[in-house]
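Structure file query.cif with mmCIF, N, CA and C atoms:
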```cif
data_protein
loop_
_atom_site.label_atom_id
_atom_site.label_comp_id
_atom_site.auth_asym_id
_atom_site.auth_seq_id
_atom_site.Cartn_x
_atom_site.Cartn_y
_atom_site.Cartn_z
N MET V 1 10.52 8.62 2.45
CA MET V 1 9.22 8.07 2.80
C MET V 1 8.94 6.86 1.89
N ILE V 2 8.54 5.77 2.52
CA ILE V 2 8.17 4.55 1.80
C ILE V 2 6.75 4.17 2.22
N VAL V 3 5.86 4.07 1.24
CA VAL V 3 4.48 3.66 1.51
C VAL V 3 4.37 2.16 1.23
N LEU V 4 3.80 1.44 2.18
CA LEU V 4 3.61 -0.01 2.01
C LEU V 4 2.31 -0.27 1.27
N ASP V 5 2.40 -1.03 0.20
CA ASP V 5 1.21 -1.45 -0.53
C ASP V 5 0.51 -2.55 0.28
N THR V 6 -0.73 -2.80 -0.08
CA THR V 6 -1.55 -3.78 0.63
C THR V 6 -0.87 -5.14 0.73
N ASN V 7 -0.23 -5.59 -0.35
CA ASN V 7 0.36 -6.93 -0.33
C ASN V 7 1.55 -7.03 0.64
N VAL V 8 2.21 -5.92 0.91
CA VAL V 8 3.31 -5.94 1.88
C VAL V 8 2.74 -5.95 3.30
N ILE V 9 1.73 -5.12 3.54
CA ILE V 9 1.08 -5.10 4.86
C ILE V 9 0.51 -6.48 5.18
N SER V 10 -0.18 -7.07 4.22
CA SER V 10 -0.83 -8.37 4.41
C SER V 10 0.17 -9.47 4.73
N GLU V 11 1.38 -9.33 4.24
CA GLU V 11 2.40 -10.37 4.46
C GLU V 11 2.63 -10.61 5.95
N PHE V 12 2.49 -9.55 6.75
CA PHE V 12 2.76 -9.68 8.18
C PHE V 12 1.58 -10.25 8.96
N ALA V 13 0.46 -10.48 8.28
CA ALA V 13 -0.68 -11.16 8.90
C ALA V 13 -0.58 -12.67 8.71
N ARG V 14 0.34 -13.10 7.86
CA ARG V 14 0.51 -14.53 7.61
C ARG V 14 1.19 -15.19 8.81
N PRO V 15 0.88 -16.47 9.04
CA PRO V 15 1.56 -17.18 10.13
C PRO V 15 3.08 -17.17 9.98
N THR V 16 3.55 -17.29 8.73
CA THR V 16 4.99 -17.26 8.45
C THR V 16 5.24 -16.26 7.32
N PRO V 17 5.53 -15.00 7.67
CA PRO V 17 5.78 -14.00 6.62
C PRO V 17 7.01 -14.35 5.78
N ASN V 18 7.02 -13.88 4.56
CA ASN V 18 8.12 -14.08 3.63
C ASN V 18 9.42 -13.56 4.26
N GLU V 19 10.47 -14.39 4.24
CA GLU V 19 11.75 -14.03 4.87
C GLU V 19 12.39 -12.80 4.23
N LYS V 20 12.27 -12.68 2.91
CA LYS V 20 12.86 -11.51 2.24
C LYS V 20 12.16 -10.23 2.67
N VAL V 21 10.84 -10.28 2.82
CA VAL V 21 10.08 -9.10 3.24
C VAL V 21 10.46 -8.74 4.68
N LYS V 22 10.57 -9.74 5.53
CA LYS V 22 10.98 -9.47 6.92
C LYS V 22 12.36 -8.82 6.96
N ALA V 23 13.30 -9.37 6.20
CA ALA V 23 14.66 -8.82 6.18
C ALA V 23 14.65 -7.39 5.64
N TRP V 24 13.87 -7.15 4.60
CA TRP V 24 13.81 -5.81 4.00
C TRP V 24 13.27 -4.80 5.01
N ILE V 25 12.17 -5.14 5.67
CA ILE V 25 11.54 -4.19 6.60
C ILE V 25 12.47 -3.89 7.78
N LEU V 26 13.23 -4.89 8.22
CA LEU V 26 14.15 -4.68 9.34
C LEU V 26 15.30 -3.75 8.98
N ARG V 27 15.64 -3.67 7.70
CA ARG V 27 16.72 -2.78 7.26
C ARG V 27 16.26 -1.33 7.10
N GLN V 28 14.96 -1.09 7.15
CA GLN V 28 14.44 0.25 6.91
C GLN V 28 14.42 1.07 8.20
N ASP V 29 14.51 2.38 8.03
CA ASP V 29 14.30 3.31 9.14
C ASP V 29 12.79 3.36 9.37
N GLY V 30 12.33 2.84 10.49
CA GLY V 30 10.90 2.73 10.78
C GLY V 30 10.14 4.02 10.64
N SER V 31 10.79 5.14 10.91
CA SER V 31 10.10 6.44 10.82
C SER V 31 9.81 6.83 9.37
N ARG V 32 10.44 6.14 8.43
CA ARG V 32 10.21 6.44 7.00
C ARG V 32 9.14 5.54 6.38
N ILE V 33 8.65 4.55 7.13
CA ILE V 33 7.65 3.61 6.63
C ILE V 33 6.26 4.15 6.94
N TRP V 34 5.44 4.26 5.91
CA TRP V 34 4.09 4.81 6.03
C TRP V 34 3.06 3.85 5.45
N LEU V 35 1.82 4.06 5.86
CA LEU V 35 0.66 3.43 5.24
C LEU V 35 -0.06 4.51 4.47
N CYS V 36 -1.04 4.13 3.65
CA CYS V 36 -1.89 5.13 3.01
C CYS V 36 -3.35 4.73 3.19
N THR V 37 -4.23 5.71 3.09
CA THR V 37 -5.65 5.47 3.34
C THR V 37 -6.23 4.44 2.38
N VAL V 38 -5.77 4.42 1.15
CA VAL V 38 -6.30 3.46 0.18
C VAL V 38 -5.89 2.04 0.57
N GLY V 39 -4.65 1.86 0.97
CA GLY V 39 -4.20 0.55 1.44
C GLY V 39 -4.99 0.09 2.66
N LEU V 40 -5.29 1.04 3.55
CA LEU V 40 -6.10 0.70 4.72
C LEU V 40 -7.50 0.28 4.31
N MET V 41 -8.07 0.98 3.33
CA MET V 41 -9.39 0.60 2.83
C MET V 41 -9.36 -0.83 2.31
N GLU V 42 -8.31 -1.18 1.58
CA GLU V 42 -8.20 -2.53 1.05
C GLU V 42 -8.05 -3.55 2.18
N GLN V 43 -7.33 -3.19 3.23
CA GLN V 43 -7.19 -4.07 4.39
C GLN V 43 -8.53 -4.28 5.10
N ILE V 44 -9.29 -3.20 5.26
CA ILE V 44 -10.61 -3.28 5.90
C ILE V 44 -11.54 -4.16 5.07
N TYR V 45 -11.48 -4.01 3.76
CA TYR V 45 -12.28 -4.85 2.86
C TYR V 45 -11.98 -6.33 3.10
N GLY V 46 -10.71 -6.66 3.13
CA GLY V 46 -10.32 -8.05 3.38
C GLY V 46 -10.75 -8.54 4.75
N ALA V 47 -10.58 -7.68 5.77
CA ALA V 47 -10.98 -8.05 7.13
C ALA V 47 -12.48 -8.28 7.22
N GLU V 48 -13.24 -7.44 6.54
CA GLU V 48 -14.71 -7.59 6.55
C GLU V 48 -15.13 -8.89 5.87
N ARG V 49 -14.47 -9.23 4.77
CA ARG V 49 -14.78 -10.49 4.08
C ARG V 49 -14.52 -11.68 5.01
N VAL V 50 -13.40 -11.65 5.72
CA VAL V 50 -13.10 -12.73 6.67
C VAL V 50 -14.15 -12.76 7.78
N PHE V 51 -14.49 -11.59 8.30
CA PHE V 51 -15.47 -11.51 9.38
C PHE V 51 -16.82 -12.07 8.94
N LEU V 52 -17.28 -11.68 7.76
CA LEU V 52 -18.57 -12.16 7.27
C LEU V 52 -18.58 -13.67 7.04
N LYS V 53 -17.43 -14.20 6.67
CA LYS V 53 -17.33 -15.63 6.38
C LYS V 53 -17.14 -16.47 7.65
N THR V 54 -16.33 -15.95 8.59
CA THR V 54 -15.95 -16.77 9.75
C THR V 54 -16.38 -16.21 11.10
N GLY V 55 -16.73 -14.93 11.14
CA GLY V 55 -17.06 -14.30 12.41
C GLY V 55 -15.83 -13.83 13.18
N SER V 56 -14.65 -14.05 12.63
CA SER V 56 -13.41 -13.65 13.31
C SER V 56 -13.10 -12.18 13.04
N ASP V 57 -12.82 -11.45 14.12
CA ASP V 57 -12.44 -10.04 13.96
C ASP V 57 -10.93 -9.84 14.15
N ARG V 58 -10.18 -10.90 14.04
CA ARG V 58 -8.73 -10.87 14.25
C ARG V 58 -8.04 -9.84 13.36
N PHE V 59 -8.45 -9.76 12.10
CA PHE V 59 -7.80 -8.83 11.18
C PHE V 59 -8.18 -7.38 11.49
N PHE V 60 -9.42 -7.16 11.95
CA PHE V 60 -9.81 -5.81 12.37
C PHE V 60 -8.94 -5.35 13.53
N ARG V 61 -8.70 -6.23 14.48
CA ARG V 61 -7.87 -5.88 15.63
C ARG V 61 -6.44 -5.57 15.19
N ALA V 62 -5.92 -6.36 14.25
CA ALA V 62 -4.56 -6.12 13.76
C ALA V 62 -4.47 -4.76 13.06
N ILE V 63 -5.47 -4.44 12.26
CA ILE V 63 -5.48 -3.14 11.56
C ILE V 63 -5.57 -2.01 12.57
N GLU V 64 -6.44 -2.16 13.55
CA GLU V 64 -6.59 -1.13 14.58
C GLU V 64 -5.27 -0.91 15.33
N ASN V 65 -4.56 -2.00 15.63
CA ASN V 65 -3.26 -1.87 16.29
C ASN V 65 -2.27 -1.09 15.43
N LEU V 66 -2.27 -1.34 14.12
CA LEU V 66 -1.37 -0.61 13.22
C LEU V 66 -1.72 0.88 13.20
N VAL V 67 -3.01 1.16 13.04
CA VAL V 67 -3.47 2.55 12.86
C VAL V 67 -3.31 3.36 14.15
N LYS V 68 -3.61 2.76 15.27
CA LYS V 68 -3.52 3.48 16.55
C LYS V 68 -2.15 3.34 17.19
N GLY V 69 -1.36 2.42 16.70
CA GLY V 69 -0.05 2.18 17.28
C GLY V 69 1.07 2.76 16.46
N GLN V 70 1.88 1.89 15.87
CA GLN V 70 3.12 2.33 15.24
C GLN V 70 2.93 3.27 14.05
N PHE V 71 1.78 3.24 13.38
CA PHE V 71 1.57 4.10 12.22
C PHE V 71 0.64 5.28 12.51
N ARG V 72 0.35 5.52 13.76
CA ARG V 72 -0.61 6.56 14.16
C ARG V 72 -0.37 7.89 13.44
N ASP V 73 0.85 8.30 13.34
CA ASP V 73 1.18 9.59 12.72
C ASP V 73 1.79 9.44 11.33
N ARG V 74 1.65 8.24 10.74
CA ARG V 74 2.26 7.99 9.44
C ARG V 74 1.29 7.29 8.49
N ILE V 75 0.18 8.00 8.22
CA ILE V 75 -0.81 7.51 7.25
C ILE V 75 -1.04 8.61 6.23
N ALA V 76 -0.62 8.37 5.01
CA ALA V 76 -0.77 9.36 3.93
C ALA V 76 -2.20 9.28 3.38
N GLY V 77 -2.82 10.44 3.23
CA GLY V 77 -4.22 10.48 2.82
C GLY V 77 -4.45 10.87 1.38
N TRP V 78 -5.68 10.74 1.01
CA TRP V 78 -6.15 11.08 -0.33
C TRP V 78 -6.93 12.37 -0.23
N ASP V 79 -6.60 13.36 -1.06
CA ASP V 79 -7.24 14.67 -0.98
C ASP V 79 -7.51 15.19 -2.40
N LEU V 80 -7.86 16.46 -2.50
CA LEU V 80 -8.18 17.05 -3.80
C LEU V 80 -7.02 16.92 -4.78
N GLU V 81 -5.82 17.22 -4.32
CA GLU V 81 -4.63 17.13 -5.19
C GLU V 81 -4.44 15.71 -5.72
N THR V 82 -4.55 14.74 -4.83
CA THR V 82 -4.34 13.36 -5.27
C THR V 82 -5.52 12.85 -6.10
N ALA V 83 -6.72 13.39 -5.85
CA ALA V 83 -7.87 13.02 -6.68
C ALA V 83 -7.63 13.45 -8.12
N MET V 84 -7.15 14.67 -8.29
CA MET V 84 -6.87 15.18 -9.63
C MET V 84 -5.74 14.39 -10.29
N ALA V 85 -4.71 14.09 -9.51
CA ALA V 85 -3.58 13.31 -10.04
C ALA V 85 -4.02 11.90 -10.42
N THR V 86 -4.94 11.33 -9.67
CA THR V 86 -5.44 9.99 -9.96
C THR V 86 -6.08 9.94 -11.34
N GLY V 87 -6.90 10.93 -11.64
CA GLY V 87 -7.53 10.99 -12.96
C GLY V 87 -6.50 11.09 -14.08
N ARG V 88 -5.48 11.92 -13.86
CA ARG V 88 -4.43 12.07 -14.87
C ARG V 88 -3.64 10.78 -15.06
N LEU V 89 -3.33 10.11 -13.95
CA LEU V 89 -2.57 8.86 -14.03
C LEU V 89 -3.35 7.78 -14.76
N ARG V 90 -4.64 7.69 -14.49
CA ARG V 90 -5.45 6.67 -15.18
C ARG V 90 -5.50 6.95 -16.67
N ALA V 91 -5.67 8.22 -17.04
CA ALA V 91 -5.71 8.58 -18.46
C ALA V 91 -4.36 8.29 -19.13
N LYS V 92 -3.26 8.60 -18.42
CA LYS V 92 -1.93 8.35 -18.97
C LYS V 92 -1.73 6.86 -19.25
N ARG V 93 -2.08 6.03 -18.29
CA ARG V 93 -1.91 4.59 -18.48
C ARG V 93 -2.82 4.05 -19.58
N GLU V 94 -4.04 4.56 -19.67
CA GLU V 94 -4.94 4.13 -20.76
C GLU V 94 -4.34 4.48 -22.11
N SER V 95 -3.74 5.68 -22.19
CA SER V 95 -3.15 6.11 -23.47
C SER V 95 -1.96 5.23 -23.86
N MET V 96 -1.36 4.57 -22.88
CA MET V 96 -0.24 3.66 -23.12
C MET V 96 -0.74 2.25 -23.45
N GLY V 97 -2.07 2.06 -23.41
CA GLY V 97 -2.64 0.74 -23.64
C GLY V 97 -2.49 -0.17 -22.43
N ARG V 98 -2.27 0.43 -21.26
CA ARG V 98 -2.09 -0.33 -20.01
C ARG V 98 -2.95 0.27 -18.91
N PRO V 99 -4.26 0.05 -18.96
CA PRO V 99 -5.14 0.63 -17.94
C PRO V 99 -4.69 0.24 -16.53
N ILE V 100 -5.01 1.11 -15.58
CA ILE V 100 -4.67 0.89 -14.17
C ILE V 100 -5.96 0.96 -13.36
N SER V 101 -6.06 0.15 -12.33
CA SER V 101 -7.26 0.17 -11.49
C SER V 101 -7.35 1.50 -10.74
N VAL V 102 -8.55 1.84 -10.33
CA VAL V 102 -8.76 3.07 -9.57
C VAL V 102 -7.91 3.04 -8.30
N GLN V 103 -7.94 1.91 -7.57
CA GLN V 103 -7.19 1.83 -6.32
C GLN V 103 -5.69 2.00 -6.55
N HIS V 104 -5.15 1.37 -7.57
CA HIS V 104 -3.72 1.50 -7.83
C HIS V 104 -3.37 2.93 -8.24
N ALA V 105 -4.22 3.56 -9.03
CA ALA V 105 -3.97 4.96 -9.41
C ALA V 105 -4.02 5.86 -8.18
N MET V 106 -4.93 5.59 -7.25
CA MET V 106 -5.02 6.38 -6.02
C MET V 106 -3.75 6.22 -5.18
N ILE V 107 -3.29 4.99 -5.03
CA ILE V 107 -2.06 4.74 -4.27
C ILE V 107 -0.87 5.44 -4.94
N ALA V 108 -0.77 5.32 -6.25
CA ALA V 108 0.32 5.98 -6.98
C ALA V 108 0.27 7.49 -6.80
N ALA V 109 -0.91 8.07 -6.87
CA ALA V 109 -1.06 9.53 -6.72
C ALA V 109 -0.63 9.97 -5.32
N ILE V 110 -1.00 9.20 -4.31
CA ILE V 110 -0.59 9.53 -2.94
C ILE V 110 0.93 9.50 -2.83
N CYS V 111 1.55 8.47 -3.39
CA CYS V 111 3.02 8.37 -3.35
C CYS V 111 3.68 9.52 -4.09
N LEU V 112 3.20 9.82 -5.28
CA LEU V 112 3.79 10.91 -6.06
C LEU V 112 3.63 12.25 -5.36
N ALA V 113 2.47 12.50 -4.77
CA ALA V 113 2.22 13.78 -4.09
C ALA V 113 3.14 13.96 -2.89
N ASN V 114 3.57 12.85 -2.30
CA ASN V 114 4.42 12.91 -1.11
C ASN V 114 5.88 12.60 -1.39
N GLY V 115 6.23 12.42 -2.67
CA GLY V 115 7.61 12.08 -3.02
C GLY V 115 8.04 10.75 -2.43
N ALA V 116 7.08 9.83 -2.29
CA ALA V 116 7.34 8.55 -1.62
C ALA V 116 7.66 7.44 -2.62
N THR V 117 8.38 6.46 -2.13
CA THR V 117 8.61 5.21 -2.83
C THR V 117 7.48 4.27 -2.44
N LEU V 118 7.00 3.47 -3.38
CA LEU V 118 5.98 2.47 -3.09
C LEU V 118 6.63 1.11 -2.96
N ALA V 119 6.42 0.45 -1.82
CA ALA V 119 6.90 -0.91 -1.61
C ALA V 119 5.76 -1.86 -1.96
N THR V 120 5.93 -2.63 -3.03
CA THR V 120 4.87 -3.52 -3.51
C THR V 120 5.46 -4.75 -4.17
N ARG V 121 4.69 -5.81 -4.12
CA ARG V 121 5.08 -7.02 -4.86
C ARG V 121 4.74 -6.83 -6.34
N ASN V 122 3.74 -6.02 -6.61
CA ASN V 122 3.20 -5.87 -7.97
C ASN V 122 3.76 -4.63 -8.67
N THR V 123 5.07 -4.58 -8.83
CA THR V 123 5.68 -3.40 -9.45
C THR V 123 5.17 -3.17 -10.87
N ARG V 124 4.88 -4.23 -11.57
CA ARG V 124 4.41 -4.10 -12.96
C ARG V 124 3.11 -3.29 -13.05
N ASP V 125 2.27 -3.40 -12.01
CA ASP V 125 1.01 -2.66 -12.00
C ASP V 125 1.21 -1.15 -11.96
N PHE V 126 2.40 -0.71 -11.56
CA PHE V 126 2.65 0.72 -11.37
C PHE V 126 3.69 1.28 -12.35
N GLU V 127 4.10 0.49 -13.32
CA GLU V 127 5.11 0.95 -14.28
C GLU V 127 4.57 2.08 -15.15
N GLY V 128 5.49 2.93 -15.60
CA GLY V 128 5.14 4.01 -16.52
C GLY V 128 4.51 5.22 -15.85
N LEU V 129 4.67 5.34 -14.54
CA LEU V 129 4.05 6.45 -13.81
C LEU V 129 5.07 7.37 -13.15
N ASP V 130 6.34 7.22 -13.46
CA ASP V 130 7.41 8.00 -12.83
C ASP V 130 7.40 7.85 -11.31
N LEU V 131 7.03 6.68 -10.87
CA LEU V 131 6.91 6.38 -9.44
C LEU V 131 8.10 5.53 -9.02
N LYS V 132 8.72 5.89 -7.90
CA LYS V 132 9.81 5.08 -7.36
C LYS V 132 9.20 3.82 -6.74
N LEU V 133 9.73 2.67 -7.13
CA LEU V 133 9.19 1.38 -6.68
C LEU V 133 10.28 0.53 -6.05
N VAL V 134 9.88 -0.29 -5.09
CA VAL V 134 10.76 -1.30 -4.52
C VAL V 134 9.91 -2.54 -4.28
N ASN V 135 10.49 -3.70 -4.54
CA ASN V 135 9.79 -4.96 -4.33
C ASN V 135 10.48 -5.71 -3.18
N PRO V 136 9.94 -5.63 -1.96
CA PRO V 136 10.57 -6.30 -0.83
C PRO V 136 10.60 -7.82 -0.97
N PHE V 137 9.76 -8.37 -1.83
CA PHE V 137 9.73 -9.82 -2.03
C PHE V 137 10.94 -10.28 -2.86
N GLU V 138 11.53 -9.36 -3.61
CA GLU V 138 12.72 -9.68 -4.40
C GLU V 138 13.97 -8.99 -3.86
N ASP V 139 13.77 -7.80 -3.29
CA ASP V 139 14.91 -7.00 -2.83
C ASP V 139 15.20 -7.21 -1.35
N GLY V 140 14.61 -8.25 -0.77
CA GLY V 140 14.77 -8.51 0.66
C GLY V 140 16.17 -8.89 1.00
#
```
Would you mind writing the file's structure down as structure tokens?
Amino acid sequence: MIVLDTNVISEFARPTPNEKVKAWILRQDGSRIWLCTVGLMEQIYGAERVFLKTGSDRFFRAIENLVKGQFRDRIAGWDLETAMATGRLRAKRESMGRPISVQHAMIAAICLANGATLATRNTRDFEGLDLKLVNPFEDG
């Protein structure tokens, strides 16, 4: 199972997505690629900002297509177990002198609870958490 971080999902909304990311995603078994609820929340936040600024709902439609289409049955959620793990992960990173944002800790907890690899451009943000990471922007 590979969970796509927000920056990987967003890459496909660009007019010309990064070639390495495209190549990486094409090499993956599509049934192993997942989204997570926190990443979707971040996507909705970005779509709402665009909508409020421009009136365009293009990003909302794209998100809806992902959620109701190819990822309909592949969205990892946040629950009591991951809530507890999130608190522990944040405390662990603080003790290392490397605080982590709430959203990143939530994404990491979801991945760890599901034994998933996180595909992200920002691997440094998730270091020190015993989390399997892949950077499609470099490993494409």
Using atom N of Ile25 (chain V) and CA of Arg58 (chain V) as the two end points, give the distance in Å to one decimal. 23.3 Å
Skipping near chain neighbours, those fewer than 3 positions away, what residues fall within 5 Å of region 114-130 of chain V using all atoms listed in the file, listed as a VMD selection string? chain V and resid 1 to 5 110 to 111 133 to 135
Please return, as number ranges by chain, all residues of chain V that DSSP assigns to alpha helix (DSSP H) on the basis of the backbone. V: 6-11, 19-27, 37-54, 58-68, 80-95, 102-113
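Here atom C of Leu80 (chain V) and atom N of Ala109 (chain V) stand 11.0 Å from one another.
What separates CA of Glu19 (chain V) from CA of Arg49 (chain V) is a distance of 26.8 Å.
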So that I can see what lies close to Cys36 (chain V), please list as a ChimeraX atom specification the residues with an atom at most 6.5 Å from it, counting only N, CA and C atoms and leaving out residues fewer than 4 positions away in the same chain. /V:3-4,40-41,74-77
Result set, the PyMOL selection byres (((chain V and resi 60 and name CA) around 10) and name CA) on current file, as a PyMOL selection string: chain V and resi 43-48+50-51+56-59+61-66
Evaluating the PyMOL selection byres ((chain V and resi 21) around 7) on the displayed file yields which residues, as a list of chain:residue names? V:Pro17, V:Asn18, V:Glu19, V:Lys20, V:Lys22, V:Ala23, V:Trp24, V:Ile25, V:Leu26, V:Pro136, V:Phe137, V:Glu138, V:Asp139, V:Gly140
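All residues in region 14-121 of chain V with a DSSP state of strand (DSSP E or B), computed from the backbone, read V:Ile33, V:Trp34, V:Leu35, V:Cys36, V:Ile75, V:Ala76, V:Thr117, V:Leu118, V:Ala119.
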